[in-house]
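Enquirer: Hey, dropping data01.cif in here, mmCIF, C-alpha atoms:
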```cif
data_run
loop_
_atom_site.label_atom_id
_atom_site.label_comp_id
_atom_site.auth_asym_id
_atom_site.auth_seq_id
_atom_site.Cartn_x
_atom_site.Cartn_y
_atom_site.Cartn_z
CA MET A 229 -42.81 -58.46 279.35
CA THR A 230 -41.18 -60.42 276.56
CA ASN A 231 -37.79 -61.76 275.53
CA ILE A 232 -35.54 -62.90 272.69
CA MET A 233 -32.56 -65.26 272.81
CA ILE A 234 -29.52 -65.33 270.54
CA GLN A 235 -27.71 -68.63 270.13
CA GLY A 236 -24.84 -69.47 267.78
CA THR A 237 -23.64 -72.40 265.71
CA THR A 238 -20.15 -71.88 267.21
CA SER A 239 -18.27 -69.69 269.62
CA SER A 240 -17.42 -66.32 268.05
CA ALA A 241 -20.37 -66.53 265.66
CA GLY A 242 -21.50 -63.06 266.72
CA LYS A 243 -23.91 -63.69 269.60
CA SER A 244 -22.53 -61.03 271.92
CA LEU A 245 -22.65 -58.15 269.45
CA MET A 246 -26.03 -59.25 268.08
CA CYS A 247 -27.35 -58.97 271.64
CA THR A 248 -25.57 -55.63 272.08
CA GLY A 249 -27.13 -54.27 268.89
CA LEU A 250 -30.59 -55.48 269.84
CA CYS A 251 -30.27 -53.90 273.30
CA ARG A 252 -29.50 -50.57 271.63
CA ILE A 253 -32.35 -50.93 269.08
CA PHE A 254 -34.94 -51.80 271.73
CA LYS A 255 -33.74 -48.89 273.88
CA GLU A 256 -34.01 -46.55 270.89
CA ASP A 257 -37.54 -47.83 270.29
CA GLY A 258 -38.59 -46.85 273.80
CA TYR A 259 -38.44 -50.17 275.63
CA LYS A 260 -36.88 -50.90 279.01
CA VAL A 261 -34.44 -53.63 277.98
CA TYR A 262 -32.12 -55.81 280.06
CA PRO A 263 -29.25 -58.08 278.91
CA PHE A 264 -28.83 -61.54 280.42
CA LYS A 265 -26.40 -64.43 280.06
CA SER A 266 -26.79 -67.10 282.71
CA GLN A 267 -23.24 -68.44 282.35
CA ASN A 268 -20.26 -66.96 280.58
CA MET A 269 -16.71 -68.29 280.29
CA SER A 270 -14.27 -65.49 279.62
CA SER A 271 -10.88 -64.26 280.73
CA LYS A 272 -12.21 -60.74 280.12
CA TYR A 273 -14.35 -59.29 282.87
CA TYR A 274 -15.47 -55.95 284.25
CA THR A 275 -15.47 -55.01 287.92
CA THR A 276 -18.45 -52.89 288.93
CA SER A 277 -18.19 -49.93 291.29
CA GLU A 278 -19.42 -52.26 294.05
CA GLY A 279 -16.61 -54.73 293.32
CA TYR A 280 -18.64 -57.37 291.48
CA LYS A 281 -17.26 -59.17 288.43
CA ILE A 282 -19.28 -59.64 285.24
CA SER A 283 -18.22 -60.40 281.68
CA THR A 284 -17.21 -57.61 279.33
CA ALA A 285 -19.93 -58.74 276.89
CA GLN A 286 -22.78 -58.12 279.32
CA THR A 287 -21.11 -54.88 280.42
CA LEU A 288 -21.19 -53.63 276.83
CA GLN A 289 -24.80 -54.78 276.46
CA ALA A 290 -25.71 -52.90 279.64
CA ILE A 291 -24.22 -49.70 278.23
CA ALA A 292 -26.10 -50.29 274.97
CA ALA A 293 -29.32 -50.64 276.99
CA GLY A 294 -28.57 -47.45 278.96
CA LEU A 295 -28.02 -49.37 282.19
CA LYS A 296 -25.35 -49.64 284.86
CA PRO A 297 -23.61 -53.07 284.73
CA HIS A 298 -24.97 -55.43 287.39
CA PRO A 299 -24.06 -59.02 288.38
CA ASN A 300 -27.64 -60.15 287.69
CA MET A 301 -26.82 -59.69 283.99
CA ASN A 302 -24.26 -62.52 284.25
CA PRO A 303 -24.97 -64.62 287.37
CA ILE A 304 -22.24 -67.18 286.61
CA LEU A 305 -18.84 -66.16 285.28
CA LEU A 306 -16.15 -68.77 284.67
CA ILE A 307 -12.66 -67.26 284.52
CA PRO A 308 -10.25 -69.84 283.02
CA LYS A 309 -7.26 -70.64 285.21
CA SER A 310 -5.94 -73.67 283.30
CA ASP A 311 -6.91 -76.00 280.46
CA LYS A 312 -9.06 -77.98 282.89
CA GLY A 313 -10.29 -75.49 285.46
CA SER A 314 -11.75 -72.04 286.14
CA MET A 315 -12.52 -69.66 288.95
CA VAL A 316 -16.29 -69.87 289.45
CA VAL A 317 -17.79 -66.43 290.09
CA ILE A 318 -21.37 -66.43 291.40
CA ARG A 319 -23.38 -63.20 291.34
CA GLY A 320 -20.18 -61.24 290.89
CA GLU A 321 -18.24 -62.81 293.75
CA ASP A 322 -15.42 -65.40 293.57
CA LYS A 323 -16.61 -68.75 294.87
CA GLU A 324 -13.82 -71.27 294.23
CA ASP A 325 -11.59 -72.83 291.60
CA MET A 326 -13.18 -75.89 290.01
CA GLU A 327 -12.06 -78.35 287.39
CA ALA A 328 -14.42 -78.82 284.46
CA VAL A 329 -15.73 -82.23 285.57
CA GLU A 330 -16.47 -80.91 289.07
CA TYR A 331 -18.27 -77.86 287.71
CA PHE A 332 -20.28 -79.96 285.26
CA LYS A 333 -21.75 -81.83 288.25
CA TYR A 334 -22.16 -78.68 290.34
CA LYS A 335 -23.84 -76.43 287.78
CA ASN A 336 -27.27 -78.08 288.02
CA THR A 337 -27.53 -76.87 291.62
CA LEU A 338 -27.35 -73.31 290.22
CA ARG A 339 -30.53 -73.65 288.16
CA PRO A 340 -32.88 -72.34 290.92
CA MET A 341 -30.65 -69.27 291.40
CA ILE A 342 -30.66 -68.55 287.65
CA LEU A 343 -34.44 -68.89 287.49
CA ASP A 344 -34.97 -66.64 290.52
CA ILE A 345 -32.75 -63.92 289.03
CA TYR A 346 -34.42 -64.22 285.64
CA LYS A 347 -37.91 -63.92 287.14
CA GLU A 348 -36.81 -60.82 289.06
CA ILE A 349 -35.44 -59.26 285.85
CA GLU A 350 -38.57 -60.26 283.93
CA LYS A 351 -40.84 -58.38 286.34
CA GLU A 352 -38.87 -55.14 286.09
CA ASN A 353 -38.30 -54.85 282.32
CA ASP A 354 -40.16 -54.80 279.01
CA ILE A 355 -37.66 -56.97 277.09
CA VAL A 356 -34.88 -59.32 278.19
CA VAL A 357 -32.19 -60.02 275.58
CA ILE A 358 -30.70 -63.42 276.43
CA GLU A 359 -27.36 -64.64 275.11
CA GLY A 360 -26.41 -68.29 274.76
CA ALA A 361 -22.89 -69.73 274.94
CA GLY A 362 -20.90 -71.65 272.34
CA SER A 363 -23.35 -73.88 270.49
CA PRO A 364 -26.63 -75.49 271.65
CA ALA A 365 -25.67 -78.61 269.69
CA GLU A 366 -22.71 -79.66 271.87
CA ILE A 367 -24.39 -82.98 272.56
CA ASN A 368 -21.75 -84.02 275.10
CA LEU A 369 -22.66 -80.98 277.25
CA LYS A 370 -26.44 -80.86 276.82
CA GLN A 371 -27.27 -82.72 280.01
CA ASN A 372 -28.48 -80.22 282.62
CA ASP A 373 -27.86 -77.30 280.25
CA ILE A 374 -28.35 -73.89 281.88
CA VAL A 375 -27.17 -71.51 279.16
CA ASN A 376 -28.51 -72.56 275.74
CA MET A 377 -31.76 -74.46 275.15
CA GLY A 378 -32.04 -75.16 278.87
CA MET A 379 -32.11 -71.41 279.45
CA ALA A 380 -34.48 -70.86 276.51
CA GLU A 381 -36.91 -73.28 278.15
CA MET A 382 -36.57 -71.65 281.58
CA ALA A 383 -37.37 -68.27 280.01
CA ASP A 384 -39.78 -69.65 277.38
CA ALA A 385 -37.86 -67.60 274.82
CA PRO A 386 -37.92 -67.57 271.00
CA VAL A 387 -34.43 -68.16 269.60
CA LEU A 388 -32.48 -66.63 266.73
CA LEU A 389 -29.55 -68.77 265.56
CA VAL A 390 -26.50 -66.94 264.20
CA ALA A 391 -23.72 -68.45 262.05
CA ASP A 392 -20.43 -66.97 260.83
CA ILE A 393 -20.11 -67.21 257.04
CA ASP A 394 -16.53 -65.91 257.17
CA ARG A 395 -15.42 -69.28 258.58
CA GLY A 396 -16.95 -71.15 255.63
CA GLY A 397 -19.60 -73.87 255.71
CA VAL A 398 -22.34 -71.57 256.95
CA PHE A 399 -25.25 -73.63 255.60
CA ALA A 400 -23.79 -76.88 256.93
CA SER A 401 -23.31 -75.32 260.36
CA LEU A 402 -26.89 -74.02 260.44
CA TYR A 403 -28.31 -77.35 259.25
CA GLY A 404 -26.12 -79.43 261.57
CA THR A 405 -26.92 -77.34 264.62
CA VAL A 406 -30.67 -77.44 264.05
CA MET A 407 -30.75 -81.16 263.27
CA LEU A 408 -28.75 -82.12 266.37
CA LEU A 409 -31.39 -80.53 268.56
CA GLU A 410 -34.43 -82.31 269.97
CA GLU A 411 -37.67 -81.63 268.11
CA HIS A 412 -39.08 -79.41 270.87
CA GLU A 413 -35.83 -77.41 270.84
CA ARG A 414 -35.93 -76.93 267.06
CA LYS A 415 -39.38 -75.40 267.40
CA ARG A 416 -37.87 -72.61 269.51
CA ILE A 417 -35.63 -71.46 266.64
CA LYS A 418 -37.70 -68.82 264.89
CA GLY A 419 -35.03 -67.32 262.65
CA LEU A 420 -31.52 -67.77 261.23
CA ILE A 421 -28.89 -65.04 260.91
CA ILE A 422 -25.88 -65.17 258.59
CA ASN A 423 -23.07 -63.03 259.99
CA LYS A 424 -19.91 -61.41 258.54
CA PHE A 425 -20.99 -61.57 254.90
CA ARG A 426 -18.80 -59.93 252.26
CA GLY A 427 -19.62 -59.41 248.61
CA ASP A 428 -22.75 -59.46 246.49
CA LYS A 429 -25.70 -60.81 248.50
CA THR A 430 -27.47 -62.02 245.35
CA LEU A 431 -24.85 -64.80 245.16
CA LEU A 432 -26.06 -65.98 248.56
CA ASP A 433 -29.76 -65.91 247.77
CA PRO A 434 -30.03 -69.45 246.26
CA GLY A 435 -28.44 -70.93 249.40
CA ILE A 436 -30.73 -68.90 251.65
CA LYS A 437 -33.77 -70.14 249.74
CA MET A 438 -32.62 -73.76 250.03
CA ILE A 439 -31.78 -73.66 253.76
CA GLU A 440 -35.15 -72.01 254.48
CA GLU A 441 -36.93 -74.78 252.59
CA ILE A 442 -34.91 -77.59 254.19
CA LEU A 443 -35.26 -76.36 257.77
CA ASN A 444 -38.56 -74.48 257.42
CA ILE A 445 -36.99 -71.59 259.34
CA PRO A 446 -36.59 -68.13 257.76
CA VAL A 447 -33.26 -66.34 257.37
CA VAL A 448 -34.08 -63.05 259.09
CA GLY A 449 -30.75 -61.32 258.64
CA THR A 450 -27.58 -61.25 256.55
CA ILE A 451 -25.15 -59.04 258.44
CA PRO A 452 -22.19 -57.55 256.55
CA PHE A 453 -18.61 -57.78 257.71
CA ALA A 454 -18.11 -54.44 259.44
CA HIS A 455 -15.42 -52.54 261.30
CA LEU A 456 -16.57 -51.70 264.81
CA GLU A 457 -14.41 -50.44 267.65
CA LEU A 458 -16.13 -52.41 270.40
CA VAL A 459 -14.62 -54.69 273.01
CA ASP A 460 -16.35 -58.03 272.57
CA GLU A 461 -16.05 -61.79 272.94
CA ASP A 462 -18.17 -63.27 270.16
CA SER A 463 -17.37 -60.81 267.40
CA LEU A 464 -19.09 -59.52 264.30
CA ILE A 465 -15.61 -58.86 263.06
CA ASP A 466 -12.07 -60.27 263.25
CA TYR A 467 -9.25 -57.75 263.45
CA ASP A 468 -7.11 -55.90 265.99
CA LYS A 469 -9.16 -53.04 267.34
CA GLU A 470 -7.76 -49.65 268.18
CA CYS A 471 -9.72 -49.59 271.43
CA ASN A 472 -7.63 -52.48 272.74
CA THR A 473 -4.79 -49.99 273.25
CA ASN A 474 -6.48 -46.59 273.27
CA PRO A 475 -9.26 -46.13 275.85
CA GLN A 476 -12.50 -44.96 274.26
CA THR A 477 -14.35 -41.89 275.35
CA GLU A 478 -18.03 -42.24 276.21
CA GLU A 479 -18.85 -40.32 273.05
CA GLU A 480 -16.78 -42.68 270.87
CA LEU A 481 -18.41 -45.72 272.45
CA GLU A 482 -21.89 -44.30 271.89
CA ARG A 483 -21.03 -43.64 268.25
CA GLU A 484 -19.94 -47.26 267.74
CA LEU A 485 -23.04 -48.63 269.48
CA ASN A 486 -25.27 -46.48 267.30
CA LYS A 487 -23.37 -47.66 264.22
CA LEU A 488 -23.96 -51.27 265.27
CA ALA A 489 -27.70 -50.62 265.73
CA ILE A 490 -27.91 -49.06 262.26
CA ILE A 491 -26.15 -52.07 260.69
CA LEU A 492 -28.59 -54.49 262.33
CA ARG A 493 -31.67 -52.41 261.50
CA GLU A 494 -30.63 -52.22 257.84
CA ASN A 495 -29.83 -55.93 257.51
CA MET A 496 -32.29 -57.74 259.81
CA ASP A 497 -36.05 -58.08 259.57
CA MET A 498 -36.86 -56.17 262.76
CA ASP A 499 -40.61 -56.31 262.05
CA TYR A 500 -40.41 -60.11 262.10
CA ILE A 501 -38.30 -60.08 265.29
CA TYR A 502 -40.85 -57.87 267.04
CA LYS A 503 -43.59 -60.19 265.79
CA ILE A 504 -42.06 -63.37 267.26
CA MET A 505 -41.66 -61.47 270.52
CA GLY A 506 -45.35 -60.63 270.49
CA LEU A 507 -44.76 -56.89 270.06
CA ASP A 508 -45.73 -54.33 267.44
CA ASN A 509 -42.74 -52.51 265.97
CA GLN A 510 -43.80 -49.16 267.34
CA VAL A 511 -42.01 -46.74 269.59
CA CYS A 512 -43.50 -46.88 273.08
#
```
Mind turning the file's structure into structure tokens?

Expert:
Amino acid sequence: MTNIMIQGTTSSAGKSLMCTGLCRIFKEDGYKVYPFKSQNMSSKYYTTSEGYKISTAQTLQAIAAGLKPHPNMNPILLIPKSDKGSMVVIRGEDKEDMEAVEYFKYKNTLRPMILDIYKEIEKENDIVVIEGAGSPAEINLKQNDIVNMGMAEMADAPVLLVADIDRGGVFASLYGTVMLLEEHERKRIKGLIINKFRGDKTLLDPGIKMIEEILNIPVVGTIPFAHLELVDEDSLIDYDKECNTNPQTEEELERELNKLAIILRENMDMDYIYKIMGLDNQVC
């Protein structure tokens, strides 16, 4: 069993759809793959046939992996109720409304539950695709972290760090994120991904070379800005999607997931990603 974790320099850098695309690629390559995000804050959620709530992101990743959505994919869901508080959903069931300060103190008690669920998932699957939340460099929130580097350590996972070039300042955001981490955390970052690129990639090459030399971490993917009709939270793209108003058929959804997998295969070094996971890039 092995794993890979996707973290981002910001919210909406593209973590969710990177994980979705990897789930589809690993499934296509013959692996039993499982998506996992220990804690997600989102007003969007999916209710399973059993009545459990999980985030829409992990629901989409489950479909990409050929699985039925399950609360173990997203053990903690925070549904915002105000600027200061959220409904805390544990293993798919509403627990209670908590203000941010209260939850910050409470969340460390959830670590054993997260680890137990992760170990259970680990035993039953070939690959676990783990998604982080926001940025791992939010130094005011790093204490008792259970979703970014704290989760990477629990799972002993290699990390790919994704940044959104469409926002501007992509190299600064990559550098700043890495340098705000502790040395042992930096060592977990095995690759950088530049997301939502438009234009001639040769214009980006000098910056890629410099950031690789400065951080001693390879850029393993430059993902183009693409139009995908997929419900998501951290997006590869920024636009109003048709599927927000018109329900997709299963066939349409499969077509979009396959399109996403093709985009990632063509623009990421999948051989390198398999290598850092300790796997040969061969169909099982």

Enquirer: Evaluate the PyMOL selection byres ((chain A and resi 366-374) around 8) against this structure - the residues, as a PyMOL selection string, please.

Expert: chain A and resi 266-267+335-336+339+363-365+375-379+408

Enquirer: Starting from the shown file, work through the PyMOL selection byres ((chain A and resi 229-240) around 8) and note down what comes out as JSON, numbers by chain.

Expert: {"A": [241, 242, 243, 246, 247, 350, 351, 353, 354, 355, 356, 357, 358, 359, 360, 361, 362, 363, 364, 365, 376, 380, 383, 385, 386, 387, 388, 389, 390, 391, 392, 401, 402, 405, 461, 462, 463, 464, 505, 506]}

Enquirer: For this file, the PyMOL selection byres ((chain A and resi 449) around 6) selects which residues, as a PyMOL selection string?

Expert: chain A and resi 421+447-448+450+495-496

Enquirer: Would you mind reading off the distance between CA of Glu482 (chain A) and CA of Glu348 (chain A), one decimal, in Å?

Expert: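 Those two atoms sit 28.1 Å apart.
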
Enquirer: CA of Leu456 (chain A) and CA of Lys272 (chain A) are how many Å apart?

Expert: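 According to the coordinates, CA of Leu456 (chain A) and CA of Lys272 (chain A) are separated by 18.3 Å.
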
Enquirer: Using all atoms of region 308-323 of chain A listed in the file and a margin of 6 Å per side, can you give the axis-aligned box centre and edge lengths in Å to one decimal, as AutoDock Vina command-line options?

Expert:
```
--center_x -14.7 --center_y -69.6 --center_z 287.7 --size_x 29.4 --size_y 28.7 --size_z 26.4
```

Enquirer: Quote the spacing between CA of Ala489 (chain A) and CA of Ile451 (chain A) in Å to one decimal place.

Expert: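 Going from CA of Ala489 (chain A) over to CA of Ile451 (chain A), I get 11.4 Å.
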
Enquirer: Between A:Pro452, A:Ala285, A:Glu440, A:Leu481, which is the closest to Arg493 (chain A) once you count all atoms listed in the file?

Expert: A:Pro452

Enquirer: Under the rule that only C-alpha atoms are counted, which of A:Ile342, A:Met498, A:Leu485, A:Ile291 is the nearest residue to Glu457 (chain A)?

Expert: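 For Glu457 (chain A), the nearest of the given residues is A:Leu485.
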
Enquirer: Counting all atoms listed in the file, which residues come within 9 Å of (-32.4, -72.6, 258.8), with the point read in the file's coordinates, and could you list them as a list of chain:residue names?

Expert: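 It turns out the residues near that spot are A:Leu389, A:Phe399, A:Leu402, A:Tyr403, A:Val406, A:Ile417, A:Lys418, A:Gly419, A:Leu420, A:Ile421, A:Ile436, A:Met438, A:Ile439, A:Glu440, A:Glu441, A:Ile442, A:Leu443, A:Asn444, A:Ile445, A:Pro446, A:Val447.
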
Enquirer: Could you check the closest approach to Tyr280 (chain A) for each of A:Arg416, A:Lys265, A:Arg319, A:Lys333 and tell me which residue wins, using only C-alpha atoms?

Expert: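 Ranking A:Arg416, A:Lys265, A:Arg319, A:Lys333 by distance to Tyr280 (chain A), first place goes to A:Arg319.
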
Enquirer: With distances taken over all atoms listed in the file, which residue among A:Phe453, A:Ala293, A:Glu480, A:Asp344 lies nearest Tyr259 (chain A)?

Expert: A:Ala293

Enquirer: Name the residues in contact with Ala290 (chain A) at a cut-off of 10 Å, using all atoms listed in the file, excluding same-chain residues fewer than 6 positions from it; report them as a list of chain:residue names.

Expert: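 Residues near the query, excluding close chain neighbours: A:Thr248, A:Cys251, A:Arg252, A:Val261, A:Tyr262, A:Pro263, A:Phe264, A:Thr284, A:Lys296, A:Pro297, A:His298, A:Met301.
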
Enquirer: Neighbouring residues of Ile282 (chain A) were defined as those with any atom within 8 Å, considering only C-alpha atoms; residues of the same chain fewer than 4 positions away were excluded. Please report them as a VMD selection string.

Expert: chain A and resid 273 to 276 286 to 287 297 to 299 301 to 303 305 320
